[in-house]
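Here the structure comes first, spelled out in structure tokens, and everything after it is commentary.
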Amino acid sequence: MAYDVVIFGIHLTIKPIAFTLRLGTFSWDIYWYGILIAFGFLCALVSGYINSKKLDINFDKVVTAIYVVLPVAILSARLYYIIFDPYSTIKDFFNFSNHGFSGLAIYGGVIGAAISAVIMCLILKMNIPNVADITAIGFLIGIIYENLIAKKEVLMSDVFMKNNLKLYLNATIERAEYAMFLIKKR
């Protein structure tokens, strides 16, 4: 399956699968949106590194916290999805066989990340407001990637491309400008 997309007058044919990893008889499809979300995470990490120096936070502690916060956020996103999906039961928590790694709810991920981040800040003796300043930019980067890239079923639809791309881009640019305003205000 491929999507024909026109962005700013450029015609593209995009396949959702970037490549396939083959390990013996096992094969695993790697999707573009997964690669781009990982790139967004890397950008947020670099931003956190730069801003941790400005706020005098030990970045090694931040990375240690990420080792705990990221898996807790993923598990929380899954648990939230299972709780609020009327067709799922708790038995489905580790069942990804039918739909790949789907069934994650962003609200659960944010809640789990926030709670585990506060706990890790207390354990590692980090200043919670300063860590929140660092993570706010990371969340902004994540939102930008989620809005522009990760919603493949929205972004790849012709109706969206013809009618709403300009509005979507403007809203994302406004969010980024507001975040930069907050950073400069500091």
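FYI, nothing fancy with the structure tokens labels: chains A, B, ... in order, residues from 1 per chain, ligands from 1 as they appear.
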
Selection: 9 Å around segment 49-55 of chain A, only C-alpha atoms, excl. self and same-chain fewer than 4 positions, as a list of chain:residue names
A:Ala44, A:Leu45, A:Phe59, A:Val62, A:Asn130, A:Val131, A:Asp133, A:Ile134

Output file for the residues above (all heavy atoms, as a compact mmCIF listing (two decimals), in the first residue's frame):
```
# COMPACT_ATOMS: atom_id res chain seq x y z
N ALA A 44 14.24 15.69 21.34
CA ALA A 44 13.87 16.10 22.70
C ALA A 44 15.02 15.83 23.66
O ALA A 44 15.27 16.63 24.58
CB ALA A 44 12.61 15.36 23.14
N LEU A 45 15.72 14.73 23.47
CA LEU A 45 16.86 14.41 24.33
C LEU A 45 17.98 15.43 24.16
O LEU A 45 18.57 15.89 25.14
CB LEU A 45 17.35 13.00 24.00
CG LEU A 45 18.20 12.28 25.01
CD1 LEU A 45 17.44 12.12 26.32
CD2 LEU A 45 18.61 10.92 24.49
N PHE A 59 22.83 16.10 33.75
CA PHE A 59 22.14 15.38 32.68
C PHE A 59 22.20 13.87 32.87
O PHE A 59 21.31 13.16 32.42
CB PHE A 59 22.70 15.78 31.31
CG PHE A 59 21.88 15.26 30.17
CD1 PHE A 59 20.62 15.75 29.93
CD2 PHE A 59 22.36 14.26 29.35
CE1 PHE A 59 19.84 15.27 28.88
CE2 PHE A 59 21.61 13.77 28.30
CZ PHE A 59 20.34 14.27 28.07
N VAL A 62 19.19 12.98 34.59
CA VAL A 62 18.04 13.06 33.70
C VAL A 62 17.93 11.77 32.87
O VAL A 62 16.85 11.20 32.73
CB VAL A 62 18.13 14.30 32.78
CG1 VAL A 62 17.03 14.29 31.73
CG2 VAL A 62 18.09 15.58 33.59
N ASN A 130 12.69 22.72 37.75
CA ASN A 130 13.70 22.80 36.68
C ASN A 130 13.59 21.62 35.72
O ASN A 130 13.73 21.78 34.51
CB ASN A 130 15.10 22.88 37.27
CG ASN A 130 15.42 24.24 37.82
OD1 ASN A 130 14.66 25.19 37.65
ND2 ASN A 130 16.54 24.36 38.50
N VAL A 131 13.34 20.44 36.25
CA VAL A 131 13.17 19.26 35.40
C VAL A 131 11.90 19.42 34.56
O VAL A 131 11.88 19.05 33.38
CB VAL A 131 13.15 17.96 36.23
CG1 VAL A 131 12.75 16.77 35.39
CG2 VAL A 131 14.50 17.73 36.89
N ASP A 133 10.78 22.23 33.46
CA ASP A 133 11.15 23.16 32.38
C ASP A 133 11.82 22.41 31.23
O ASP A 133 11.55 22.69 30.06
CB ASP A 133 12.10 24.24 32.89
CG ASP A 133 11.38 25.33 33.66
OD1 ASP A 133 10.13 25.36 33.62
OD2 ASP A 133 12.06 26.13 34.31
N ILE A 134 12.69 21.48 31.56
CA ILE A 134 13.38 20.71 30.52
C ILE A 134 12.39 19.82 29.76
O ILE A 134 12.38 19.77 28.54
CB ILE A 134 14.49 19.83 31.14
CG1 ILE A 134 15.62 20.70 31.66
CG2 ILE A 134 15.03 18.84 30.12
CD1 ILE A 134 16.66 19.93 32.43
```

Find the residues around Asp4 of chain A up to 7 Å (only C-alpha atoms counted), leave out those fewer than 5 positions away in its own chain, and share them as a list in words.
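The residues that qualify are Leu12, Thr13 and Ile14 of chain A.
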
For the selection you just gave me, I'd like the residues written to a file as an mmCIF file, in the first residue's frame, keeping N, CA, C and O atoms.
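Dumped everything to out_39.cif:
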```
data_model
loop_
_atom_site.group_PDB
_atom_site.id
_atom_site.type_symbol
_atom_site.label_atom_id
_atom_site.label_comp_id
_atom_site.auth_asym_id
_atom_site.auth_seq_id
_atom_site.Cartn_x
_atom_site.Cartn_y
_atom_site.Cartn_z
ATOM 1 N N LEU A 12 4.573 13.180 -3.894
ATOM 2 C CA LEU A 12 5.322 12.088 -3.267
ATOM 3 C C LEU A 12 4.478 10.825 -3.245
ATOM 4 O O LEU A 12 3.265 10.902 -3.077
ATOM 5 N N THR A 13 5.119 9.707 -3.377
ATOM 6 C CA THR A 13 4.484 8.423 -3.134
ATOM 7 C C THR A 13 5.161 7.835 -1.906
ATOM 8 O O THR A 13 6.361 7.552 -1.926
ATOM 9 N N ILE A 14 4.395 7.717 -0.842
ATOM 10 C CA ILE A 14 4.953 7.295 0.442
ATOM 11 C C ILE A 14 4.408 5.922 0.809
ATOM 12 O O ILE A 14 3.200 5.715 0.840
#
```

Can you tell me how far atom CA of Asp29 of chain A sits from atom CA of Leu104 of chain A, in Å to one decimal?
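Separation of atom CA of Asp29 of chain A and atom CA of Leu104 of chain A: 18.6 Å.
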
List the neighbours of segment 80-84 of chain A out to 12 Å using only C-alpha atoms; skip same-chain residues closer than 4 positions along the sequence, and give me the result as a ChimeraX atom specification.
/A:72-76,88-96,102-112

Nearby residues (only C-alpha atoms) at most 8 Å from Lys15 of chain A, same-chain spacing under 2 positions excluded, as a ChimeraX atom specification:
/A:1-3,13,17-18

For the strand (DSSP E or B) assignment from backbone DSSP, which residues of segment 6-136 of chain A qualify? Please present them as number ranges by chain.
A: 6-7, 10-14, 17-23, 26-31

May I ask which of the residues A:Val69, A:Val63, A:Arg78, A:Gly40 is the closest one to Leu140 of chain A, counting only C-alpha atoms?
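Comparing A:Val69, A:Val63, A:Arg78, A:Gly40 against Leu140 of chain A, the winner is A:Gly40.
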
Provide the atom CA of Thr64 of chain A to atom CA of Lys125 of chain A distance in Å, to one decimal place.
12.2 Å

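Note that the spacing between atom CA of Leu70 of chain A and atom CA of Leu36 of chain A amounts to 16.9 Å.
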
Find the residue from A:Ile137, A:Met126, A:Ile66, A:Ile10 that sits nearest to Ala113 of chain A; use only C-alpha atoms when measuring.
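Of all the options, A:Ile66 lies closest to Ala113 of chain A.
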
Just the alpha helix (DSSP H) stuff from segment 1-166 of chain A, please, per backbone DSSP, written as a ChimeraX atom specification.
/A:32-54,59-84,106-124,128-145,152-155,158-163,165-166

Within 10 Å of Ala65 of chain A using only C-alpha atoms, minus same-chain residues under 3 positions, as a PyMOL selection string:
chain A and resi 59-62+68-70+116-121+123-124

When distances are computed from only C-alpha atoms, which of A:Ser47, A:Asn58, A:Ser27, A:Asn127 shows the smallest separation from Gly142 of chain A?
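Selected residue with least distance to Gly142 of chain A: A:Ser47.
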